[in-house]
$ cat structure.csv   # CSV, C-alpha atoms
chain,number,residue,atom,x,y,z
B,3,MET,CA,-33.0,-38.2,-8.3
B,4,ALA,CA,-35.8,-40.8,-7.9
B,5,CYS,CA,-37.9,-42.1,-10.7
B,6,PHE,CA,-40.9,-44.4,-10.5
B,7,LEU,CA,-41.9,-47.5,-12.4
B,8,GLN,CA,-45.5,-48.7,-12.4
B,9,ALA,CA,-46.2,-52.5,-12.8
B,10,PRO,CA,-49.5,-54.4,-12.3
B,11,MET,CA,-49.7,-57.0,-9.6
B,12,ALA,CA,-52.4,-59.4,-8.3
B,13,ASN,CA,-53.3,-59.3,-4.6
B,14,ALA,CA,-55.7,-61.7,-2.9
B,15,ILE,CA,-58.1,-59.9,-0.6
B,16,VAL,CA,-60.6,-61.9,1.5
B,17,SER,CA,-64.1,-60.6,1.1
B,18,SER,CA,-66.3,-60.1,4.2
B,19,ALA,CA,-69.6,-60.6,2.3
B,20,SER,CA,-70.0,-64.2,3.5
B,21,ALA,CA,-68.1,-65.8,6.3
B,22,SER,CA,-69.0,-69.4,5.3
B,23,SER,CA,-68.3,-69.2,1.7
B,24,SER,CA,-65.2,-67.1,1.5
B,25,ARG,CA,-63.7,-66.6,-1.9
B,26,ALA,CA,-60.7,-64.9,-3.2
B,27,VAL,CA,-61.0,-61.8,-5.4
B,28,ARG,CA,-58.0,-60.6,-7.3
B,29,VAL,CA,-57.7,-56.8,-7.6
B,30,PRO,CA,-55.0,-55.2,-9.7
B,31,LYS,CA,-52.7,-52.8,-7.9
B,32,LEU,CA,-49.8,-50.6,-8.9
B,33,LEU,CA,-46.4,-51.2,-7.3
B,34,LYS,CA,-43.9,-48.3,-7.2
B,35,LEU,CA,-40.4,-49.3,-7.6
B,36,THR,CA,-37.4,-46.9,-7.5
B,37,CYS,CA,-34.6,-47.0,-9.9
B,38,GLY,CA,-32.2,-47.3,-7.0
B,39,ALA,CA,-33.8,-50.5,-5.9
B,40,LEU,CA,-33.8,-52.0,-9.4
B,41,GLY,CA,-30.1,-51.1,-9.9
B,42,ALA,CA,-28.9,-54.4,-8.5
B,43,ARG,CA,-31.5,-56.4,-10.4
B,44,ASN,CA,-31.6,-54.5,-13.7
B,45,ALA,CA,-28.7,-55.0,-16.0
B,46,ALA,CA,-29.2,-51.7,-17.8
B,47,LYS,CA,-27.6,-48.9,-15.7
B,48,ILE,CA,-29.0,-45.4,-15.9
B,49,PRO,CA,-26.2,-42.9,-16.5
B,50,MET,CA,-25.6,-40.3,-13.7
B,51,PRO,CA,-24.3,-36.8,-14.2
B,52,PRO,CA,-20.8,-36.2,-13.0
B,53,ILE,CA,-20.5,-35.0,-9.4
B,54,ASN,CA,-18.1,-32.4,-8.3
B,55,PRO,CA,-15.9,-34.2,-5.7
B,56,ASN,CA,-15.3,-30.9,-3.9
B,57,ASP,CA,-19.0,-30.3,-3.3
B,58,PRO,CA,-19.7,-31.7,0.2
B,59,PHE,CA,-23.5,-31.5,-0.3
B,60,LEU,CA,-23.5,-33.6,-3.5
B,61,SER,CA,-21.0,-36.0,-2.0
B,62,LYS,CA,-23.2,-36.6,1.0
B,63,LEU,CA,-26.3,-37.2,-1.2
B,64,ALA,CA,-24.3,-39.7,-3.4
B,65,SER,CA,-23.2,-41.5,-0.2
B,66,VAL,CA,-26.7,-41.8,1.1
B,67,ALA,CA,-28.1,-42.9,-2.3
B,68,SER,CA,-25.6,-45.7,-2.6
B,69,SER,CA,-26.0,-47.0,1.0
B,70,SER,CA,-29.7,-46.5,1.7
B,71,PRO,CA,-31.8,-45.2,-1.2
B,72,GLU,CA,-35.0,-45.5,0.7
B,73,THR,CA,-33.9,-42.6,2.9
B,74,LEU,CA,-34.1,-40.3,-0.1
B,75,VAL,CA,-37.4,-41.7,-1.3
B,76,ASN,CA,-39.1,-41.5,2.2
B,77,SER,CA,-37.5,-38.1,3.0
B,78,SER,CA,-40.2,-35.9,4.7
B,79,ALA,CA,-41.1,-32.8,2.8
B,80,ASN,CA,-40.8,-30.0,5.3
B,81,PRO,CA,-41.8,-26.6,3.8
B,82,ASP,CA,-39.5,-24.8,6.2
B,83,THR,CA,-36.4,-26.7,5.2
B,84,PRO,CA,-34.8,-27.1,1.8
B,85,PRO,CA,-35.1,-30.6,0.4
B,86,PHE,CA,-32.7,-33.3,1.7
B,87,LEU,CA,-31.1,-30.8,4.1
B,88,ASP,CA,-32.3,-33.0,7.0
B,89,LEU,CA,-29.7,-35.6,6.1
B,90,PHE,CA,-27.0,-33.5,7.7
B,91,ASP,CA,-26.5,-33.4,11.4
B,92,SER,CA,-25.7,-29.7,11.6
B,93,PRO,CA,-26.3,-28.2,8.1
B,94,LYS,CA,-24.6,-24.9,7.1
B,95,LEU,CA,-25.6,-23.2,3.9
B,96,MET,CA,-22.9,-20.5,3.6
B,97,ALA,CA,-20.5,-19.0,6.0
B,98,THR,CA,-21.1,-15.3,6.9
B,99,PRO,CA,-18.3,-12.8,6.3
B,100,ALA,CA,-17.4,-12.9,10.0
B,101,GLN,CA,-16.9,-16.7,9.8
B,102,VAL,CA,-14.5,-16.6,6.9
B,103,GLU,CA,-11.0,-17.5,8.0
B,104,ARG,CA,-8.7,-14.5,7.8
B,105,SER,CA,-5.4,-14.9,5.9
B,106,VAL,CA,-2.1,-13.8,7.3
B,107,SER,CA,-0.8,-12.4,4.1
B,108,TYR,CA,-2.3,-9.2,2.4
B,109,ASN,CA,-2.8,-8.9,-1.3
B,110,GLU,CA,-4.1,-5.6,-2.6
B,111,HIS,CA,-5.8,-7.3,-5.6
B,112,ARG,CA,-7.8,-9.7,-3.4
B,113,PRO,CA,-7.6,-8.6,0.3
B,114,LYS,CA,-8.6,-11.2,2.9
B,115,SER,CA,-7.7,-9.1,5.9
B,116,PRO,CA,-7.9,-5.4,6.8
B,117,PRO,CA,-5.3,-3.4,4.9
B,118,PRO,CA,-2.3,-2.2,6.9
B,119,ASP,CA,-1.6,1.4,7.7
B,120,LEU,CA,-0.6,3.8,5.0
B,121,PRO,CA,3.1,4.1,6.0
B,122,SER,CA,3.4,0.3,5.8
B,123,LEU,CA,1.9,0.4,2.2
B,124,LEU,CA,4.4,3.1,1.2
B,125,LEU,CA,7.2,1.1,2.8
B,126,ASN,CA,6.3,-1.9,0.7
B,127,GLY,CA,6.9,0.4,-2.3
B,128,ARG,CA,10.3,1.5,-0.8
B,129,ILE,CA,8.9,5.0,-0.1
B,130,VAL,CA,9.7,6.9,3.1
B,131,TYR,CA,7.5,10.0,3.6
B,132,ILE,CA,8.5,12.8,6.0
B,133,GLY,CA,5.4,14.9,6.4
B,134,MET,CA,5.9,16.4,9.8
B,135,PRO,CA,8.5,18.5,11.6
B,136,LEU,CA,11.5,16.5,12.7
B,137,VAL,CA,10.5,15.6,16.3
B,138,PRO,CA,11.9,12.5,18.0
B,139,ALA,CA,9.0,10.3,17.0
B,140,VAL,CA,9.4,11.1,13.4
B,141,THR,CA,13.2,10.6,13.5
B,142,GLU,CA,12.7,7.2,15.1
B,143,LEU,CA,10.3,6.0,12.4
B,144,VAL,CA,12.3,7.3,9.5
B,145,VAL,CA,15.6,5.9,10.7
B,146,ALA,CA,14.0,2.5,11.3
B,147,GLU,CA,12.4,2.5,7.9
B,148,LEU,CA,15.7,3.3,6.2
B,149,MET,CA,17.5,0.5,8.1
B,150,TYR,CA,14.7,-1.9,7.2
B,151,LEU,CA,14.8,-1.1,3.5
B,152,GLN,CA,18.5,-1.5,3.3
B,153,TRP,CA,18.2,-4.9,5.1
B,154,MET,CA,15.5,-6.0,2.6
B,155,ASP,CA,17.5,-5.1,-0.5
B,156,PRO,CA,20.8,-3.1,-0.4
B,157,LYS,CA,20.7,-2.6,-4.2
B,158,GLN,CA,17.2,-1.2,-4.8
B,159,PRO,CA,16.8,2.6,-4.5
B,160,ILE,CA,14.9,4.3,-1.7
B,161,TYR,CA,12.5,7.1,-2.4
B,162,LEU,CA,12.5,9.8,0.3
B,163,TYR,CA,9.5,12.3,0.0
B,164,ILE,CA,10.0,15.4,2.1
B,165,ASN,CA,7.3,17.9,3.2
B,166,SER,CA,8.7,19.2,6.5
B,167,THR,CA,9.5,22.4,8.2
B,168,GLY,CA,12.6,20.8,9.8
B,169,THR,CA,13.1,21.3,13.5
B,170,THR,CA,10.8,24.4,13.6
B,171,ARG,CA,7.2,25.1,12.9
B,172,ASP,CA,5.8,27.5,10.4
B,173,ASP,CA,5.9,30.4,12.9
B,174,GLY,CA,9.5,29.7,13.7
B,175,GLU,CA,9.0,28.1,17.1
B,176,THR,CA,11.5,25.3,17.8
B,177,VAL,CA,9.9,21.9,18.1
B,178,GLY,CA,13.0,19.6,18.0
B,179,MET,CA,16.7,19.6,18.5
B,180,GLU,CA,19.1,19.9,15.5
B,181,THR,CA,20.3,16.5,16.2
B,182,GLU,CA,17.0,15.0,14.9
B,183,GLY,CA,17.9,16.2,11.4
B,184,PHE,CA,21.5,15.1,11.8
B,185,ALA,CA,20.4,11.6,12.9
B,186,ILE,CA,18.4,11.1,9.7
B,187,TYR,CA,21.3,12.6,7.6
B,188,ASP,CA,23.8,10.2,9.2
B,189,ALA,CA,21.5,7.3,8.5
B,190,LEU,CA,21.2,8.3,4.8
B,191,MET,CA,25.0,8.5,4.5
B,192,GLN,CA,25.4,5.0,5.9
B,193,LEU,CA,23.1,3.4,3.4
B,194,GLN,CA,24.4,1.5,0.4
B,195,ASN,CA,21.2,2.2,-1.6
B,196,GLU,CA,20.6,5.1,-4.0
B,197,ILE,CA,18.6,7.8,-2.3
B,198,HIS,CA,16.0,9.5,-4.5
B,199,THR,CA,14.8,12.6,-2.6
B,200,VAL,CA,11.7,14.5,-3.7
B,201,ALA,CA,10.5,17.8,-2.2
B,202,VAL,CA,6.7,18.2,-2.0
B,203,GLY,CA,5.3,21.2,-0.3
B,204,ALA,CA,8.2,22.5,1.8
B,205,ALA,CA,11.8,21.6,2.7
B,206,ILE,CA,12.9,24.0,5.4
B,207,GLY,CA,16.1,24.0,7.5
B,208,GLN,CA,17.2,20.5,8.3
B,209,ALA,CA,14.6,19.1,5.8
B,210,CYS,CA,16.4,21.1,3.0
B,211,LEU,CA,19.7,19.4,4.1
B,212,LEU,CA,18.0,16.0,3.7
B,213,LEU,CA,16.7,17.0,0.3
B,214,SER,CA,20.2,18.0,-0.9
B,215,ALA,CA,21.8,14.8,0.6
B,216,GLY,CA,20.2,12.5,-2.0
B,217,THR,CA,22.2,10.8,-4.7
B,218,LYS,CA,23.6,13.2,-7.2
B,219,GLY,CA,21.3,13.3,-10.2
B,220,LYS,CA,18.4,11.8,-8.2
B,221,ARG,CA,17.3,14.9,-6.3
B,222,PHE,CA,14.0,16.2,-7.4
B,223,MET,CA,11.5,18.9,-6.5
B,224,MET,CA,7.9,19.6,-7.4
B,225,PRO,CA,7.2,22.7,-9.5
B,226,HIS,CA,5.4,24.6,-6.7
B,227,ALA,CA,7.4,23.3,-3.7
B,228,LYS,CA,9.6,25.6,-1.6
B,229,ALA,CA,13.0,25.2,0.0
B,230,MET,CA,14.5,27.4,2.6
B,231,ILE,CA,17.7,27.4,4.7
B,232,GLN,CA,18.1,29.3,7.9
B,233,GLN,CA,20.2,29.5,11.0
B,234,PRO,CA,19.3,27.2,13.8
B,235,ARG,CA,17.4,28.8,16.6
B,236,VAL,CA,18.0,28.8,20.4
B,237,PRO,CA,15.4,26.8,22.2
B,238,SER,CA,13.3,28.5,24.8
B,239,SER,CA,15.5,29.1,27.9
B,240,GLY,CA,12.7,29.9,30.3
B,241,LEU,CA,14.1,30.5,33.8
B,242,MET,CA,17.5,29.0,33.1
B,243,PRO,CA,20.6,30.7,34.6
B,244,ALA,CA,22.7,33.0,32.3
B,245,SER,CA,25.6,30.5,32.2
B,246,ASP,CA,23.3,27.8,30.9
B,247,VAL,CA,21.8,30.1,28.2
B,248,LEU,CA,25.4,30.8,27.1
B,249,ILE,CA,26.1,27.1,26.8
B,250,ARG,CA,23.0,26.6,24.7
B,251,ALA,CA,23.9,29.5,22.5
B,252,LYS,CA,27.4,28.0,21.9
B,253,GLU,CA,25.8,24.7,20.9
B,254,VAL,CA,23.5,26.3,18.4
B,255,ILE,CA,26.5,28.1,16.8
B,256,ILE,CA,28.3,24.7,16.5
B,257,ASN,CA,25.2,23.2,14.8
B,258,ARG,CA,25.0,26.2,12.5
B,259,ASP,CA,28.6,25.7,11.4
B,260,ILE,CA,28.0,22.0,10.8
B,261,LEU,CA,24.8,22.7,8.8
B,262,VAL,CA,26.7,25.3,6.6
B,263,GLU,CA,29.5,22.8,5.9
B,264,LEU,CA,27.1,20.0,4.9
B,265,LEU,CA,25.0,22.3,2.7
B,266,ALA,CA,28.2,23.5,1.0
B,267,LYS,CA,29.3,19.9,0.4
B,268,HIS,CA,26.0,18.8,-1.2
B,269,THR,CA,25.2,21.9,-3.1
B,270,GLY,CA,28.6,22.5,-4.6
B,271,ASN,CA,28.9,26.1,-3.2
B,272,SER,CA,31.6,27.5,-1.0
B,273,VAL,CA,31.2,27.7,2.8
B,274,GLU,CA,31.3,31.5,2.6
B,275,THR,CA,28.4,31.6,0.0
B,276,VAL,CA,26.2,29.3,2.1
B,277,ALA,CA,27.0,31.2,5.3
B,278,ASP,CA,26.2,34.5,3.6
B,279,VAL,CA,22.8,33.5,2.3
B,280,MET,CA,21.9,31.9,5.7
B,281,ARG,CA,22.3,35.1,7.6
B,282,ARG,CA,18.5,35.6,6.9
B,283,PRO,CA,16.0,33.0,5.8
B,284,PHE,CA,16.8,32.1,2.2
B,285,TYR,CA,13.8,31.0,0.3
B,286,MET,CA,14.1,29.1,-3.0
B,287,ASP,CA,11.5,28.0,-5.5
B,288,ALA,CA,12.2,25.0,-7.8
B,289,ASN,CA,14.2,27.0,-10.3
B,290,ARG,CA,16.3,28.8,-7.7
B,291,ALA,CA,16.9,25.6,-5.8
B,292,LYS,CA,18.2,24.0,-8.9
B,293,GLU,CA,20.5,26.9,-9.6
B,294,PHE,CA,21.8,26.8,-6.0
B,295,GLY,CA,22.5,23.1,-6.2
B,296,VAL,CA,19.9,21.8,-3.8
B,297,ILE,CA,18.2,19.7,-6.5
B,298,ASP,CA,19.0,18.3,-9.9
B,299,ARG,CA,15.7,18.3,-11.7
B,300,ILE,CA,12.2,19.7,-11.4
B,301,LEU,CA,9.4,17.1,-11.6
B,302,TRP,CA,7.0,18.5,-14.1
B,303,ARG,CA,5.1,15.9,-16.2
B,304,GLY,CA,5.8,16.5,-19.9
B,305,GLN,CA,8.5,19.1,-19.4
B,306,GLU,CA,11.0,17.1,-21.5
B,307,LYS,CA,8.6,17.3,-24.5
B,308,VAL,CA,7.9,20.9,-24.0
B,309,MET,CA,11.5,22.0,-23.6
B,310,ALA,CA,12.5,19.9,-26.7
B,311,GLU,CA,10.0,21.8,-28.8
B,312,VAL,CA,11.2,25.3,-27.6
B,313,ALA,CA,13.3,27.0,-30.2
B,314,SER,CA,16.7,28.6,-29.2
B,315,PRO,CA,17.0,32.4,-29.0
B,316,GLU,CA,18.9,32.5,-32.3
B,317,GLU,CA,16.0,30.6,-34.1
B,318,TRP,CA,13.5,33.0,-32.6
B,319,ASP,CA,15.4,36.0,-33.9
B,320,LYS,CA,15.8,34.3,-37.3
B,321,ASN,CA,12.2,33.5,-37.6
B,322,ALA,CA,11.2,37.0,-36.5
B,323,GLY,CA,13.5,38.6,-39.2
B,324,ILE,CA,15.9,40.1,-36.6
B,325,LYS,CA,19.5,40.3,-37.7
B,326,VAL,CA,22.2,40.3,-35.0
B,327,MET,CA,24.9,42.8,-35.6
B,328,ASP,CA,28.5,42.0,-34.6
B,329,GLY,CA,29.6,43.8,-31.5
B,330,PHE,CA,26.0,44.3,-30.2

$ encode --input "structure.csv" --output "structure tokens"
Amino acid sequence: MACFLQAPMANAIVSSASASSSRAVRVPKLLKLTCGALGARNAAKIPMPPINPNDPFLSKLASVASSSPETLVNSSANPDTPPFLDLFDSPKLMATPAQVERSVSYNEHRPKSPPPDLPSLLLNGRIVYIGMPLVPAVTELVVAELMYLQWMDPKQPIYLYINSTGTTRDDGETVGMETEGFAIYDALMQLQNEIHTVAVGAAIGQACLLLSAGTKGKRFMMPHAKAMIQQPRVPSSGLMPASDVLIRAKEVIINRDILVELLAKHTGNSVETVADVMRRPFYMDANRAKEFGVIDRILWRGQEKVMAEVASPEEWDKNAGIKVMDGF
């Protein structure tokens, strides 16, 4: 900031009226002095406001004012350029969003880079979501996520959300081998973590096995989800020879027996009971799945409070004035 002081001063100017008899005429004139120039001669110093050391523009102005104050005073006033911006060699007002340096890390509260894909965000919350039939690509991703979560922390639980038709589609067509479901099941059994399984939508066939394979007491189901167990199906044989079709049929029977044994193990039912209900597709809603032993609890927000307020049958009869006779 420049301020100006005005002081009178005498200046001798030679008059051109007469060349022979020249005389000196003293005319008063104003002399402009800057505060910066008087700083070294004047003992009284003018206080300056504090300068932010992190501001490069103000630091540059302070450096120029201390070294050559006349540069600021004689700075040309260009209407197309902000004042004092010509002091910089290559001035930059503000970086555009494309020029901002991208950060390697991602923080959801203040993102500095594009967010990762949705499975990666769920994986950060230790959530593995199976939302497709069990084809090789899905099995590869799920097994890799389970191994990664155990490597990150073998003590924290893993949440497995299931909405899958297993190794078949809705119309019953086979889309994957039974080994795809067994691969995920074996990976679950090898983990040291607690496995919290949650059924959303549907858990059919091998997906129902994964639902029941969670940690006891940590197997859940949404109120309107469906579970179903059925026998494995023979893949399309096409123009295969009869001997090859027989080999495939035997392999399907072996997979069926393994599936029955594993379901009986995790549901607490006998092998005969599971084999009997699997003769035809056996559908279960949330309540029936809980009774069969596939899950432990139904996830219904507020159900604990509602059930706590429900009176027992005896209290209902008493409040209604019904007396129960012995023997009836």

$ closest_residue --input "structure.csv" --among "B:Met230, B:Gln192, B:Asp172, B:Leu212" --to "Arg290 in chain B" --atoms "all atoms listed in the file"
B:Met230

$ residues_around --input "structure.csv" --residues "Thr181 in chain B" --least-positions-apart "3" --cutoff "10 Å" --atoms "only C-alpha atoms" --output "NGL selection string"
:B and (136-138 or 141 or 169 or 178 or 184-187 or 208 or 257)

$ atom_distance --input "structure.csv" --atom1 "CA of Val276 in chain B" --atom2 "CA of Cys210 in chain B"
12.8 Å

$ closest_residue --input "structure.csv" --among "B:Leu143, B:Val296, B:Val177, B:Val202" --to "His268 in chain B" --atoms "only C-alpha atoms"
B:Val296

$ closest_residue --input "structure.csv" --among "B:Pro121, B:Pro234, B:Gly174, B:Pro225" --to "Val262 in chain B" --atoms "all atoms listed in the file"
B:Pro234

$ decode --input "structure.csv" --residues "range 273-284 of chain B" --atoms "all heavy atoms" --output "tab-separated table (two decimals), in the first residue's frame"
chain	number	residue	atom	x	y	z
B	273	VAL	N	-30.55	-87.18	7.98
B	273	VAL	CA	-30.31	-87.30	6.55
B	273	VAL	C	-31.58	-87.76	5.84
B	273	VAL	O	-31.89	-87.31	4.72
B	273	VAL	CB	-29.15	-88.27	6.29
B	273	VAL	CG1	-28.96	-88.52	4.80
B	273	VAL	CG2	-27.85	-87.73	6.90
B	274	GLU	N	-32.33	-88.65	6.46
B	274	GLU	CA	-33.56	-89.14	5.86
B	274	GLU	C	-34.58	-88.01	5.69
B	274	GLU	O	-35.28	-87.94	4.66
B	274	GLU	CB	-34.16	-90.26	6.70
B	274	GLU	CG	-33.32	-91.53	6.72
B	274	GLU	CD	-32.10	-91.41	7.63
B	274	GLU	OE1	-32.03	-90.42	8.41
B	274	GLU	OE2	-31.22	-92.29	7.56
B	275	THR	N	-34.68	-87.13	6.70
B	275	THR	CA	-35.64	-86.03	6.61
B	275	THR	C	-35.28	-85.09	5.48
B	275	THR	O	-36.16	-84.67	4.69
B	275	THR	CB	-35.69	-85.27	7.94
B	275	THR	OG1	-36.03	-86.17	8.99
B	275	THR	CG2	-36.68	-84.14	7.89
B	276	VAL	N	-34.01	-84.74	5.38
B	276	VAL	CA	-33.59	-83.82	4.31
B	276	VAL	C	-33.77	-84.47	2.95
B	276	VAL	O	-34.25	-83.84	1.99
B	276	VAL	CB	-32.14	-83.39	4.53
B	276	VAL	CG1	-31.66	-82.51	3.39
B	276	VAL	CG2	-31.99	-82.67	5.86
B	277	ALA	N	-33.40	-85.74	2.83
B	277	ALA	CA	-33.55	-86.44	1.54
B	277	ALA	C	-35.01	-86.55	1.15
B	277	ALA	O	-35.35	-86.49	-0.05
B	277	ALA	CB	-32.91	-87.82	1.63
B	278	ASP	N	-35.90	-86.71	2.13
B	278	ASP	CA	-37.32	-86.84	1.82
B	278	ASP	C	-37.91	-85.53	1.31
B	278	ASP	O	-38.69	-85.54	0.34
B	278	ASP	CB	-38.07	-87.32	3.07
B	278	ASP	CG	-39.53	-87.56	2.78
B	278	ASP	OD1	-39.85	-88.46	1.98
B	278	ASP	OD2	-40.37	-86.85	3.36
B	279	VAL	N	-37.57	-84.41	1.94
B	279	VAL	CA	-38.13	-83.13	1.49
B	279	VAL	C	-37.49	-82.66	0.20
B	279	VAL	O	-38.05	-81.81	-0.51
B	279	VAL	CB	-37.98	-82.05	2.58
B	279	VAL	CG1	-38.71	-82.44	3.84
B	279	VAL	CG2	-36.51	-81.78	2.88
B	280	MET	N	-36.33	-83.21	-0.15
B	280	MET	CA	-35.65	-82.79	-1.38
B	280	MET	C	-36.09	-83.58	-2.59
B	280	MET	O	-35.57	-83.36	-3.69
B	280	MET	CB	-34.13	-82.90	-1.21
B	280	MET	CG	-33.50	-81.72	-0.50
B	280	MET	SD	-31.70	-81.86	-0.45
B	280	MET	CE	-31.29	-81.98	-2.18
B	281	ARG	N	-37.00	-84.50	-2.42
B	281	ARG	CA	-37.47	-85.25	-3.59
B	281	ARG	C	-38.12	-84.31	-4.60
B	281	ARG	O	-38.01	-84.52	-5.81
B	281	ARG	CB	-38.48	-86.32	-3.16
B	281	ARG	CG	-37.86	-87.43	-2.31
B	281	ARG	CD	-38.88	-88.48	-1.95
B	281	ARG	NE	-38.32	-89.49	-1.07
B	281	ARG	CZ	-37.63	-90.55	-1.49
B	281	ARG	NH1	-37.45	-90.74	-2.79
B	281	ARG	NH2	-37.16	-91.42	-0.62
B	282	ARG	N	-38.77	-83.29	-4.12
B	282	ARG	CA	-39.34	-82.25	-4.95
B	282	ARG	C	-38.84	-80.91	-4.41
B	282	ARG	O	-38.36	-80.83	-3.27
B	282	ARG	CB	-40.87	-82.28	-4.92
B	282	ARG	CG	-41.47	-83.60	-5.35
B	282	ARG	CD	-41.10	-83.95	-6.78
B	282	ARG	NE	-41.60	-82.97	-7.72
B	282	ARG	CZ	-41.24	-82.93	-9.02
B	282	ARG	NH1	-40.36	-83.80	-9.49
B	282	ARG	NH2	-41.75	-82.03	-9.82
B	283	PRO	N	-38.92	-79.84	-5.19
B	283	PRO	CA	-38.47	-78.54	-4.66
B	283	PRO	C	-39.21	-78.19	-3.38
B	283	PRO	O	-40.44	-78.19	-3.32
B	283	PRO	CB	-38.82	-77.57	-5.80
B	283	PRO	CG	-38.77	-78.41	-7.03
B	283	PRO	CD	-39.28	-79.76	-6.63
B	284	PHE	N	-38.43	-77.88	-2.35
B	284	PHE	CA	-38.97	-77.62	-1.02
B	284	PHE	C	-38.76	-76.13	-0.71
B	284	PHE	O	-37.66	-75.70	-0.37
B	284	PHE	CB	-38.27	-78.49	0.02
B	284	PHE	CG	-38.78	-78.32	1.43
B	284	PHE	CD1	-40.10	-78.60	1.75
B	284	PHE	CD2	-37.94	-77.86	2.44
B	284	PHE	CE1	-40.58	-78.43	3.04
B	284	PHE	CE2	-38.40	-77.70	3.73
B	284	PHE	CZ	-39.73	-77.98	4.03
